[in-house]
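Q: My questions will all concern the structure given below.
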Amino acid sequence: DQQVKQNSPSLSVQEGRISILNCDYTNSMFDYFLWYKKYPAEGPTFLISISSIKDKNEDGRFTVFLNKSAKHLSLHIVPSQPGDSAVYFCAASYNQGGKLIFGQGTELSVKP
Amino acid sequence: EPEVTQTPSHQVTQMGQEVILRCVPISNHLYFYWYRQILGQKVEFLVSFYNNEISEKSEIFDDQFSVERPDGSNFTLKIRSTKLEDSAMYFCASFLRGNSPLHFGNGTRLTVT
């Protein structure tokens, strides 16, 4: 049941450049989307979210874009820093939150 | 900033034994969850709990699993008779209300031998 998919298991980016992480979903009932960051041996840490009524949300270096017609969202990190190296999970929910469906994760490596 | 705390951080148990994983959610949150992540796989929903009862559970959450909120602060996951395939990271999460994020604890690594 792959309702949320992250097709790139890994991404390598140079420090200072833009990191773009992608996520696709299939369930049109999803109305709230989130990105989480996860370090080894820690729990997922909330990064940024977007409601389905918006197409963009920005928080500092992080911007999430939502394209509902394509059922696609992306996370942009500008500029990327070595401390951003982690696994990034896309997640979605319906009925305005609560239970999350996660993608498989993308491991981001930012090289100095 | 308030956080979700989980104990123990690592639990080793023998197959067939019972384990209880403990969580203290964020104090003013109303909804509580357990998720698990088998090594190398995605984070999977197990169960949600609201108003002292299970609100939703996944097909993974069979009769071997149970949850309880024994007092005003703790939230526990019990696995009655552990199997090798129960080895995973178990994450507790809590949530205040609609369109706000789930906050996760750092997890309990369960190893069943």
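We name chains A, B, ... following the order of the structure tokens; residues begin at 1 in each chain, and ligands are numbered from 1 as shown.
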Counting only C-alpha atoms, what is within 9 Å of region 57-66 of chain B, bar same-chain residues fewer than 4 positions away, as a PyMOL selection string?
A: chain B and resi 44-49+76-82
Q: Counting only C-alpha atoms, give me one row per residue of chain A with an atom at most 8 Å from an atom of chain B, showing the shortest contact pair and its distance in Å to one decimal, sorted by chain then residue number, as JSON lines.
A:
```
{"residue": "A:Tyr32", "atom": "CA", "partner": "B:Asn99", "partner_atom": "CA", "distance": 6.6}
{"residue": "A:Leu34", "atom": "CA", "partner": "B:Pro101", "partner_atom": "CA", "distance": 7.5}
{"residue": "A:Ala41", "atom": "CA", "partner": "B:Asn106", "partner_atom": "CA", "distance": 7.0}
{"residue": "A:Glu42", "atom": "CA", "partner": "B:Asn106", "partner_atom": "CA", "distance": 4.5}
{"residue": "A:Gly43", "atom": "CA", "partner": "B:Asn106", "partner_atom": "CA", "distance": 4.0}
{"residue": "A:Pro44", "atom": "CA", "partner": "B:Phe104", "partner_atom": "CA", "distance": 6.0}
{"residue": "A:Thr45", "atom": "CA", "partner": "B:Phe104", "partner_atom": "CA", "distance": 6.8}
{"residue": "A:Phe46", "atom": "CA", "partner": "B:Pro101", "partner_atom": "CA", "distance": 6.9}
{"residue": "A:Ser49", "atom": "CA", "partner": "B:Pro101", "partner_atom": "CA", "distance": 7.7}
{"residue": "A:Ser51", "atom": "CA", "partner": "B:Asn99", "partner_atom": "CA", "distance": 7.3}
{"residue": "A:Asn95", "atom": "CA", "partner": "B:Gly98", "partner_atom": "CA", "distance": 7.7}
{"residue": "A:Gln96", "atom": "CA", "partner": "B:Gly98", "partner_atom": "CA", "distance": 4.8}
{"residue": "A:Gly97", "atom": "CA", "partner": "B:Gly98", "partner_atom": "CA", "distance": 4.9}
{"residue": "A:Gly98", "atom": "CA", "partner": "B:Phe95", "partner_atom": "CA", "distance": 6.7}
{"residue": "A:Lys99", "atom": "CA", "partner": "B:Ser48", "partner_atom": "CA", "distance": 7.2}
{"residue": "A:Leu100", "atom": "CA", "partner": "B:Phe45", "partner_atom": "CA", "distance": 7.2}
{"residue": "A:Ile101", "atom": "CA", "partner": "B:Phe45", "partner_atom": "CA", "distance": 7.2}
{"residue": "A:Phe102", "atom": "CA", "partner": "B:Val43", "partner_atom": "CA", "distance": 6.1}
{"residue": "A:Gly103", "atom": "CA", "partner": "B:Lys42", "partner_atom": "CA", "distance": 6.5}
{"residue": "A:Gln104", "atom": "CA", "partner": "B:Lys42", "partner_atom": "CA", "distance": 4.6}
{"residue": "A:Gly105", "atom": "CA", "partner": "B:Lys42", "partner_atom": "CA", "distance": 7.0}
```
Q: How would the residues just picked look written out with all heavy atoms as a compact mmCIF listing (two decimals), in the first residue's frame?
A:
```txt
# COMPACT_ATOMS: atom_id res chain seq x y z
N TYR A 32 -3.20 17.25 4.43
CA TYR A 32 -2.15 17.86 5.24
C TYR A 32 -0.87 17.06 5.00
O TYR A 32 -0.90 15.83 5.08
CB TYR A 32 -2.56 17.82 6.72
CG TYR A 32 -1.67 18.54 7.70
CD1 TYR A 32 -1.30 19.86 7.51
CD2 TYR A 32 -1.20 17.88 8.85
CE1 TYR A 32 -0.50 20.51 8.43
CE2 TYR A 32 -0.41 18.53 9.77
CZ TYR A 32 -0.06 19.85 9.56
OH TYR A 32 0.73 20.50 10.48
N LEU A 34 3.49 16.79 5.52
CA LEU A 34 4.57 17.18 6.43
C LEU A 34 5.89 16.60 5.94
O LEU A 34 5.92 15.57 5.26
CB LEU A 34 4.30 16.65 7.84
CG LEU A 34 2.95 16.95 8.48
CD1 LEU A 34 1.93 15.85 8.19
CD2 LEU A 34 3.09 17.13 9.97
N ALA A 41 19.07 6.59 15.38
CA ALA A 41 18.80 6.39 16.80
C ALA A 41 18.00 7.53 17.42
O ALA A 41 18.01 7.71 18.64
CB ALA A 41 20.09 6.17 17.59
N GLU A 42 17.33 8.32 16.59
CA GLU A 42 16.43 9.36 17.10
C GLU A 42 15.08 9.21 16.43
O GLU A 42 14.94 8.56 15.39
CB GLU A 42 16.99 10.76 16.83
CG GLU A 42 18.23 11.07 17.64
CD GLU A 42 18.66 12.53 17.45
OE1 GLU A 42 17.88 13.32 16.92
OE2 GLU A 42 19.79 12.83 17.86
N GLY A 43 14.07 9.86 17.02
CA GLY A 43 12.77 9.87 16.39
C GLY A 43 12.68 10.90 15.29
O GLY A 43 13.53 11.80 15.19
N PRO A 44 11.66 10.78 14.43
CA PRO A 44 11.46 11.81 13.40
C PRO A 44 11.21 13.17 14.04
O PRO A 44 10.45 13.26 15.01
CB PRO A 44 10.24 11.31 12.64
CG PRO A 44 10.14 9.84 12.94
CD PRO A 44 10.67 9.69 14.32
N THR A 45 11.84 14.19 13.49
CA THR A 45 11.67 15.56 13.99
C THR A 45 10.92 16.37 12.94
O THR A 45 11.34 16.42 11.78
CB THR A 45 13.04 16.21 14.25
OG1 THR A 45 13.76 15.43 15.20
CG2 THR A 45 12.88 17.63 14.80
N PHE A 46 9.85 17.01 13.36
CA PHE A 46 9.04 17.79 12.43
C PHE A 46 9.85 18.96 11.86
O PHE A 46 10.55 19.67 12.58
CB PHE A 46 7.80 18.33 13.15
CG PHE A 46 7.04 19.35 12.37
CD1 PHE A 46 6.32 18.97 11.25
CD2 PHE A 46 7.06 20.69 12.74
CE1 PHE A 46 5.62 19.91 10.52
CE2 PHE A 46 6.37 21.63 12.01
CZ PHE A 46 5.64 21.24 10.91
N SER A 49 5.32 21.88 7.31
CA SER A 49 4.09 21.27 6.82
C SER A 49 3.38 22.19 5.86
O SER A 49 3.71 23.38 5.73
CB SER A 49 3.17 20.94 7.99
OG SER A 49 2.78 22.13 8.67
N SER A 51 -0.81 22.72 4.28
CA SER A 51 -2.19 22.31 4.13
C SER A 51 -2.52 22.22 2.65
O SER A 51 -1.91 22.91 1.83
CB SER A 51 -3.08 23.34 4.81
OG SER A 51 -4.42 23.19 4.41
N ASN A 95 -8.35 14.16 7.10
CA ASN A 95 -9.17 14.64 8.22
C ASN A 95 -8.38 15.59 9.10
O ASN A 95 -8.47 15.54 10.32
CB ASN A 95 -9.73 13.49 9.05
CG ASN A 95 -10.68 12.64 8.25
OD1 ASN A 95 -11.38 13.14 7.38
ND2 ASN A 95 -10.69 11.35 8.54
N GLN A 96 -7.58 16.43 8.46
CA GLN A 96 -6.84 17.50 9.12
C GLN A 96 -5.89 17.03 10.20
O GLN A 96 -5.78 17.64 11.27
CB GLN A 96 -7.83 18.52 9.70
CG GLN A 96 -8.65 19.21 8.63
CD GLN A 96 -9.47 20.34 9.23
OE1 GLN A 96 -9.74 20.34 10.41
NE2 GLN A 96 -9.83 21.28 8.40
N GLY A 97 -5.19 15.98 9.95
CA GLY A 97 -4.11 15.65 10.86
C GLY A 97 -4.28 14.34 11.57
O GLY A 97 -5.19 13.57 11.29
N GLY A 98 -3.38 14.08 12.51
CA GLY A 98 -3.42 12.83 13.22
C GLY A 98 -2.59 11.78 12.53
O GLY A 98 -1.44 12.01 12.20
N LYS A 99 -3.18 10.63 12.27
CA LYS A 99 -2.46 9.50 11.70
C LYS A 99 -1.72 9.91 10.43
O LYS A 99 -2.30 10.51 9.53
CB LYS A 99 -3.45 8.39 11.39
CG LYS A 99 -2.84 7.21 10.64
CD LYS A 99 -3.91 6.25 10.21
CE LYS A 99 -3.36 5.24 9.21
NZ LYS A 99 -4.43 4.35 8.70
N LEU A 100 -0.45 9.57 10.38
CA LEU A 100 0.39 9.91 9.24
C LEU A 100 0.73 8.66 8.45
O LEU A 100 0.99 7.60 9.01
CB LEU A 100 1.69 10.55 9.71
CG LEU A 100 1.58 11.87 10.45
CD1 LEU A 100 2.97 12.35 10.86
CD2 LEU A 100 0.91 12.92 9.59
N ILE A 101 0.75 8.83 7.12
CA ILE A 101 1.27 7.81 6.22
C ILE A 101 2.61 8.32 5.73
O ILE A 101 2.68 9.43 5.18
CB ILE A 101 0.33 7.57 5.02
CG1 ILE A 101 -1.11 7.33 5.48
CG2 ILE A 101 0.85 6.41 4.17
CD1 ILE A 101 -1.31 6.10 6.31
N PHE A 102 3.66 7.54 5.93
CA PHE A 102 5.01 7.97 5.61
C PHE A 102 5.48 7.40 4.28
O PHE A 102 5.10 6.29 3.88
CB PHE A 102 6.00 7.49 6.68
CG PHE A 102 5.98 8.31 7.93
CD1 PHE A 102 5.10 8.04 8.96
CD2 PHE A 102 6.87 9.38 8.09
CE1 PHE A 102 5.09 8.80 10.13
CE2 PHE A 102 6.87 10.14 9.25
CZ PHE A 102 5.98 9.85 10.25
N GLY A 103 6.34 8.17 3.62
CA GLY A 103 7.11 7.63 2.51
C GLY A 103 8.30 6.85 3.05
O GLY A 103 8.53 6.75 4.25
N GLN A 104 9.08 6.31 2.11
CA GLN A 104 10.19 5.42 2.49
C GLN A 104 11.41 6.18 2.98
O GLN A 104 12.31 5.59 3.56
CB GLN A 104 10.60 4.55 1.31
CG GLN A 104 9.49 3.71 0.74
CD GLN A 104 8.80 4.39 -0.42
OE1 GLN A 104 8.49 5.59 -0.36
NE2 GLN A 104 8.53 3.64 -1.47
N GLY A 105 11.44 7.48 2.72
CA GLY A 105 12.57 8.28 3.16
C GLY A 105 13.61 8.47 2.07
O GLY A 105 13.78 7.63 1.18
```
Q: Of the candidates A:Lys5, A:Lys37, A:Lys111, A:His72, which shows the shortest atom-to-atom distance to Asp55 (chain A), using only C-alpha atoms?
A: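 Between A:Lys5, A:Lys37, A:Lys111, A:His72, the residue approaching Asp55 (chain A) most closely is A:His72.
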Q: Rounded to one decimal in Å, what is the spacing between CA of Asn52 (chain B) and CA of Val24 (chain B)?
A: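 Calculated distance between CA of Asn52 (chain B) and CA of Val24 (chain B) is 14.8 Å.
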Q: Running DSSP on the backbone, which parts of region 4-67 of chain A land in strand (DSSP E), as a PyMOL selection string?
A: chain A and resi 4-5+10-14+19-25+32-38+45-51+56-59+62-67
Q: What is the CA of Leu110 (chain B) to CA of Gly16 (chain B) distance in Å?
A: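 Going from CA of Leu110 (chain B) over to CA of Gly16 (chain B) covers 13.4 Å.
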Q: If we count only C-alpha atoms and set the cut-off at 12 Å, which residues sit around Leu47 (chain A), ignoring sequence neighbours fewer than 2 positions away in its own chain? Please answer as an mmCIF file with N, CA and C atoms, in the first residue's frame.
A:
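Output (selection21.cif):
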```cif
data_model
loop_
_atom_site.group_PDB
_atom_site.id
_atom_site.type_symbol
_atom_site.label_atom_id
_atom_site.label_comp_id
_atom_site.auth_asym_id
_atom_site.auth_seq_id
_atom_site.Cartn_x
_atom_site.Cartn_y
_atom_site.Cartn_z
ATOM 1 N N PHE A 33 0.204 17.769 4.691
ATOM 2 C CA PHE A 33 1.451 17.118 4.316
ATOM 3 C C PHE A 33 2.586 17.669 5.165
ATOM 4 N N LEU A 34 3.494 16.795 5.516
ATOM 5 C CA LEU A 34 4.565 17.179 6.425
ATOM 6 C C LEU A 34 5.885 16.596 5.942
ATOM 7 N N TRP A 35 6.960 17.238 6.325
ATOM 8 C CA TRP A 35 8.303 16.700 6.166
ATOM 9 C C TRP A 35 8.921 16.547 7.547
ATOM 10 N N TYR A 36 9.534 15.384 7.731
ATOM 11 C CA TYR A 36 10.250 15.091 8.957
ATOM 12 C C TYR A 36 11.703 14.777 8.597
ATOM 13 N N LYS A 37 12.557 15.085 9.552
ATOM 14 C CA LYS A 37 13.979 14.799 9.423
ATOM 15 C C LYS A 37 14.323 13.775 10.491
ATOM 16 N N LYS A 38 15.171 12.814 10.144
ATOM 17 C CA LYS A 38 15.493 11.782 11.134
ATOM 18 C C LYS A 38 16.985 11.470 11.118
ATOM 19 N N PRO A 44 11.663 10.782 14.427
ATOM 20 C CA PRO A 44 11.463 11.806 13.396
ATOM 21 C C PRO A 44 11.206 13.165 14.040
ATOM 22 N N THR A 45 11.841 14.194 13.488
ATOM 23 C CA THR A 45 11.671 15.563 13.991
ATOM 24 C C THR A 45 10.922 16.370 12.939
ATOM 25 N N SER A 49 5.317 21.885 7.306
ATOM 26 C CA SER A 49 4.092 21.267 6.822
ATOM 27 C C SER A 49 3.379 22.187 5.856
ATOM 28 N N ILE A 50 2.386 21.635 5.185
ATOM 29 C CA ILE A 50 1.567 22.431 4.290
ATOM 30 C C ILE A 50 0.169 21.842 4.237
ATOM 31 N N ASN A 57 4.780 26.779 1.313
ATOM 32 C CA ASN A 57 4.987 27.241 2.683
ATOM 33 C C ASN A 57 6.482 27.331 2.926
ATOM 34 N N GLU A 58 6.885 28.414 3.551
ATOM 35 C CA GLU A 58 8.309 28.695 3.704
ATOM 36 C C GLU A 58 8.646 28.898 5.176
ATOM 37 N N ASP A 59 9.783 28.362 5.589
ATOM 38 C CA ASP A 59 10.248 28.564 6.956
ATOM 39 C C ASP A 59 11.766 28.595 6.923
ATOM 40 N N GLY A 60 12.309 29.802 6.865
ATOM 41 C CA GLY A 60 13.764 29.939 6.830
ATOM 42 C C GLY A 60 14.338 29.328 5.565
ATOM 43 N N ARG A 61 15.259 28.386 5.735
ATOM 44 C CA ARG A 61 15.901 27.761 4.573
ATOM 45 C C ARG A 61 15.026 26.680 3.915
ATOM 46 N N PHE A 62 13.914 26.362 4.537
ATOM 47 C CA PHE A 62 13.073 25.261 4.070
ATOM 48 C C PHE A 62 11.794 25.784 3.421
ATOM 49 N N THR A 63 11.499 25.261 2.234
ATOM 50 C CA THR A 63 10.260 25.594 1.540
ATOM 51 C C THR A 63 9.633 24.303 1.042
ATOM 52 N N VAL A 64 8.344 24.168 1.289
ATOM 53 C CA VAL A 64 7.622 23.009 0.762
ATOM 54 C C VAL A 64 6.651 23.496 -0.298
ATOM 55 N N LEU A 75 10.418 19.348 -1.105
ATOM 56 C CA LEU A 75 11.064 20.129 -0.052
ATOM 57 C C LEU A 75 12.343 20.708 -0.627
ATOM 58 N N HIS A 76 12.481 22.017 -0.548
ATOM 59 C CA HIS A 76 13.684 22.692 -0.995
ATOM 60 C C HIS A 76 14.444 23.191 0.229
ATOM 61 N N ILE A 77 15.728 22.938 0.244
ATOM 62 C CA ILE A 77 16.590 23.432 1.319
ATOM 63 C C ILE A 77 17.656 24.299 0.669
ATOM 64 N N ASP A 84 22.486 19.346 7.656
ATOM 65 C CA ASP A 84 21.204 18.894 7.085
ATOM 66 C C ASP A 84 21.260 17.413 6.700
ATOM 67 N N VAL A 87 18.031 11.512 7.131
ATOM 68 C CA VAL A 87 16.976 10.917 6.308
ATOM 69 C C VAL A 87 15.738 11.809 6.415
ATOM 70 N N TYR A 88 15.165 12.148 5.277
ATOM 71 C CA TYR A 88 13.990 13.000 5.227
ATOM 72 C C TYR A 88 12.775 12.178 4.813
ATOM 73 N N PHE A 89 11.737 12.267 5.627
ATOM 74 C CA PHE A 89 10.498 11.547 5.351
ATOM 75 C C PHE A 89 9.400 12.531 4.999
ATOM 76 N N CYS A 90 8.717 12.207 3.950
ATOM 77 C CA CYS A 90 7.492 12.880 3.585
ATOM 78 C C CYS A 90 6.357 12.118 4.266
ATOM 79 N N ALA A 91 5.324 12.843 4.733
ATOM 80 C CA ALA A 91 4.185 12.183 5.371
ATOM 81 C C ALA A 91 2.906 12.919 5.013
ATOM 82 N N SER B 100 -1.904 20.230 12.975
ATOM 83 C CA SER B 100 -0.664 20.462 13.717
ATOM 84 C C SER B 100 0.140 19.163 13.640
ATOM 85 N N PRO B 101 1.460 19.266 13.784
ATOM 86 C CA PRO B 101 2.271 18.071 13.535
ATOM 87 C C PRO B 101 2.257 17.070 14.682
ATOM 88 N N LEU B 102 2.502 15.814 14.344
ATOM 89 C CA LEU B 102 2.797 14.804 15.345
ATOM 90 C C LEU B 102 4.201 15.053 15.872
ATOM 91 N N HIS B 103 4.350 14.906 17.180
ATOM 92 C CA HIS B 103 5.660 15.004 17.809
ATOM 93 C C HIS B 103 6.058 13.598 18.261
#
```
Q: Got a sec: who's within 12 Å of Glu15 (chain A), counting only C-alpha atoms, leaving out chain neighbours fewer than 6 positions off, as a list in words?
A: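 Neighbouring residues, sequence-local ones excluded: Ile77, Val78, Pro79, Ser80, Gln81, Pro82, Gly83, Asp84, Ser85, Leu108, Ser109, Val110, Lys111 and Pro112 of chain A.
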Q: I need the residues from that last selection saved to file as a tab-separated table (two decimals), in the first residue's frame (with N, CA and C atoms), if you can.
A:
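out-v7.tsv written:
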```
chain	number	residue	atom	x	y	z
A	77	ILE	N	15.73	22.94	0.24
A	77	ILE	CA	16.59	23.43	1.32
A	77	ILE	C	17.66	24.30	0.67
A	78	VAL	N	17.63	25.59	1.02
A	78	VAL	CA	18.58	26.53	0.43
A	78	VAL	C	19.08	27.50	1.49
A	79	PRO	N	20.40	27.68	1.70
A	79	PRO	CA	21.44	26.81	1.16
A	79	PRO	C	21.59	25.55	2.01
A	80	SER	N	22.01	24.47	1.41
A	80	SER	CA	22.21	23.23	2.15
A	80	SER	C	23.45	23.34	3.02
A	81	GLN	N	23.36	22.72	4.20
A	81	GLN	CA	24.47	22.72	5.15
A	81	GLN	C	24.80	21.27	5.54
A	82	PRO	N	26.05	21.01	5.92
A	82	PRO	CA	26.40	19.63	6.31
A	82	PRO	C	25.51	19.08	7.42
A	83	GLY	N	25.05	19.94	8.33
A	83	GLY	CA	24.16	19.51	9.41
A	83	GLY	C	22.78	19.07	8.93
A	84	ASP	N	22.49	19.35	7.66
A	84	ASP	CA	21.20	18.89	7.09
A	84	ASP	C	21.26	17.41	6.70
A	85	SER	N	22.43	16.83	6.73
A	85	SER	CA	22.57	15.42	6.35
A	85	SER	C	21.77	14.54	7.31
A	108	LEU	N	19.68	12.29	2.68
A	108	LEU	CA	20.39	13.44	2.14
A	108	LEU	C	21.78	13.52	2.73
A	109	SER	N	22.75	13.67	1.85
A	109	SER	CA	24.13	13.86	2.29
A	109	SER	C	24.61	15.19	1.72
A	110	VAL	N	24.98	16.12	2.59
A	110	VAL	CA	25.48	17.42	2.16
A	110	VAL	C	26.98	17.44	2.40
A	111	LYS	N	27.73	17.57	1.32
A	111	LYS	CA	29.19	17.47	1.42
A	111	LYS	C	29.82	18.86	1.51
A	112	PRO	N	30.77	19.00	2.42
A	112	PRO	CA	31.43	20.31	2.60
A	112	PRO	C	32.25	20.69	1.36
```
Q: Which one of B:Gln14, B:Gln37, B:Asn51, B:Asn28 sits closest to Leu84 (chain B) if you count only C-alpha atoms?
A: B:Gln14
Q: Which distance in Å separates CA of Gln6 (chain A) and CA of Asn22 (chain A), to one decimal?
A: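 Between CA of Gln6 (chain A) and CA of Asn22 (chain A) the gap works out to 6.3 Å.
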Q: With only C-alpha atoms as the basis for distance, which of B:Val112, B:Ala88, B:Ile38, B:Cys23 is at the shortest distance from Arg69 (chain B)?
A: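 Closest residue, counting only C-alpha atoms: B:Cys23.
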